[in-house]
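K.L.:
I am sharing protein38.cif, which consists of mmCIF, C-alpha atoms, pLDDT in the B column; chains and numbers go by the auth columns:
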```
data_protein
loop_
_atom_site.group_PDB
_atom_site.id
_atom_site.type_symbol
_atom_site.label_atom_id
_atom_site.label_comp_id
_atom_site.label_asym_id
_atom_site.label_seq_id
_atom_site.Cartn_x
_atom_site.Cartn_y
_atom_site.Cartn_z
_atom_site.B_iso_or_equiv
_atom_site.auth_seq_id
_atom_site.auth_asym_id
ATOM 1 C CA MET A 1 23.301 2.485 0.922 46.00 23 H
ATOM 2 C CA ALA A 2 21.799 -0.839 2.022 52.00 24 H
ATOM 3 C CA LYS A 3 18.231 -1.760 1.154 64.00 25 H
ATOM 4 C CA ALA A 4 15.865 -1.355 4.112 68.00 26 H
ATOM 5 C CA LYS A 5 14.774 -4.592 5.793 81.00 27 H
ATOM 6 C CA MET A 6 11.059 -5.132 5.299 80.00 28 H
ATOM 7 C CA PRO A 7 8.896 -6.158 8.293 79.00 29 H
ATOM 8 C CA HIS A 8 7.218 -8.901 6.214 80.00 30 H
ATOM 9 C CA PRO A 9 7.279 -10.269 2.637 81.00 31 H
ATOM 10 C CA GLY A 10 5.653 -7.975 0.080 82.00 32 H
ATOM 11 C CA HIS A 11 5.796 -4.893 2.318 86.00 33 H
ATOM 12 C CA ASP A 12 7.553 -2.958 -0.451 87.00 34 H
ATOM 13 C CA LYS A 13 4.214 -3.104 -2.357 90.00 35 H
ATOM 14 C CA HIS A 14 2.020 -2.002 0.568 91.00 36 H
ATOM 15 C CA LEU A 15 0.428 1.440 0.643 93.00 37 H
ATOM 16 C CA CYS A 16 1.849 2.349 4.054 89.00 38 H
ATOM 17 C CA TYR A 17 5.384 1.833 2.730 90.00 39 H
ATOM 18 C CA LEU A 18 4.684 3.499 -0.618 92.00 40 H
ATOM 19 C CA ASN A 19 3.115 6.536 1.082 91.00 41 H
ATOM 20 C CA ASN A 20 6.176 6.934 3.296 90.00 42 H
ATOM 21 C CA LEU A 21 8.271 7.073 0.104 91.00 43 H
ATOM 22 C CA GLY A 22 5.985 9.753 -1.379 94.00 44 H
ATOM 23 C CA PHE A 23 4.734 7.409 -4.120 94.00 45 H
ATOM 24 C CA GLN A 24 1.342 9.160 -4.171 94.00 46 H
ATOM 25 C CA VAL A 25 3.110 12.420 -5.093 96.00 47 H
ATOM 26 C CA THR A 26 5.724 11.094 -7.507 96.00 48 H
ATOM 27 C CA ASN A 27 3.479 8.532 -9.242 96.00 49 H
ATOM 28 C CA PRO A 28 -0.113 9.777 -8.917 96.00 50 H
ATOM 29 C CA LYS A 29 -1.478 7.764 -11.875 97.00 51 H
ATOM 30 C CA GLU A 30 -0.065 4.457 -10.569 96.00 52 H
ATOM 31 C CA TYR A 31 -1.220 5.290 -7.024 95.00 53 H
ATOM 32 C CA LYS A 32 -4.769 5.941 -8.238 96.00 54 H
ATOM 33 C CA GLU A 33 -4.771 2.503 -9.892 96.00 55 H
ATOM 34 C CA LEU A 34 -3.894 0.933 -6.519 96.00 56 H
ATOM 35 C CA VAL A 35 -6.682 2.705 -4.612 96.00 57 H
ATOM 36 C CA SER A 36 -9.510 3.286 -7.096 95.00 58 H
ATOM 37 C CA ASP A 37 -12.621 1.220 -6.454 94.00 59 H
ATOM 38 C CA GLY A 38 -11.149 0.056 -3.141 96.00 60 H
ATOM 39 C CA LYS A 39 -12.286 -3.367 -1.983 98.00 61 H
ATOM 40 C CA PHE A 40 -9.953 -3.894 1.002 98.00 62 H
ATOM 41 C CA MET A 41 -9.002 -1.874 4.077 97.00 63 H
ATOM 42 C CA CYS A 42 -5.883 -2.295 6.204 95.00 64 H
ATOM 43 C CA ARG A 43 -6.651 -3.116 9.849 96.00 65 H
ATOM 44 C CA ILE A 44 -3.450 -1.316 10.876 91.00 66 H
ATOM 45 C CA CYS A 45 -3.356 1.992 8.990 90.00 67 H
ATOM 46 C CA GLY A 46 -6.918 2.222 7.609 94.00 68 H
ATOM 47 C CA ARG A 47 -5.851 2.747 4.013 94.00 69 H
ATOM 48 C CA VAL A 48 -8.089 1.338 1.282 97.00 70 H
ATOM 49 C CA ALA A 49 -6.858 -0.495 -1.820 97.00 71 H
ATOM 50 C CA THR A 50 -8.229 -2.315 -4.829 96.00 72 H
ATOM 51 C CA SER A 51 -6.231 -5.439 -3.931 96.00 73 H
ATOM 52 C CA GLY A 52 -5.472 -6.902 -0.531 96.00 74 H
ATOM 53 C CA LYS A 53 -1.890 -7.551 -1.670 94.00 75 H
ATOM 54 C CA ASN A 54 -1.217 -3.813 -1.293 95.00 76 H
ATOM 55 C CA LEU A 55 -2.050 -3.756 2.436 95.00 77 H
ATOM 56 C CA CYS A 56 -0.361 -5.223 5.527 93.00 78 H
ATOM 57 C CA LYS A 57 -3.499 -6.611 7.201 94.00 79 H
ATOM 58 C CA PRO A 58 -6.303 -6.490 4.620 96.00 80 H
ATOM 59 C CA VAL A 59 -9.963 -7.024 5.418 98.00 81 H
ATOM 60 C CA LYS A 60 -12.604 -7.130 2.689 98.00 82 H
ATOM 61 C CA LEU A 61 -14.974 -4.154 2.633 96.00 83 H
#
```
So that I can check it, write out the structure of this file as structure tokens.
P.N.:
Amino acid sequence: MAKAKMPHPGHDKHLCYLNNLGFQVTNPKEYKELVSDGKFMCRICGRVATSGKNLCKPVKL
């Protein structure tokens, strides 16, 4: 099976992609580290993350 083409660099680390894979269910501890004390919100999906690097279009909260 071929690796899925990402829409932009780093997308494989973004919460929208990780959620679609079920990362929040299979890796709850690691997911909590990505979202705890959120400082950025994605302008596209509205998810909140600690680091802007985990969002497609981050804006500082």
K.L.:
Show me the residues around (-8.7, -6.9, -0.8) - criterion: an atom at most 8 Å away, only C-alpha atoms counted - as JSON, numbers by chain.
P.N.:
{"H": [60, 61, 62, 63, 71, 72, 73, 74, 75, 80, 81, 82, 83]}
K.L.:
Separation of atom CA of Asn49 of chain H and atom CA of Met28 of chain H, in Å?
P.N.:
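Atom-to-atom, atom CA of Asn49 of chain H and atom CA of Met28 of chain H are spaced 21.3 Å apart.
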K.L.:
Just to confirm, what's the straight-line distance from atom CA of Lys79 of chain H to atom CA of Cys64 of chain H in Å (one decimal)?
P.N.:
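So the two atoms, atom CA of Lys79 of chain H and atom CA of Cys64 of chain H, lie 5.0 Å apart.
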K.L.:
Rounded to one decimal, what separation in Å do you get between atom CA of Gly68 of chain H and atom CA of Lys27 of chain H?
P.N.:
22.8 Å
K.L.:
Using only C-alpha atoms, can you tell me which of H:Cys78, H:Cys67, H:Glu52, H:Ser58 comes closest to Pro29 of chain H?
P.N.:
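The answer is H:Cys78, which sits nearest to Pro29 of chain H.
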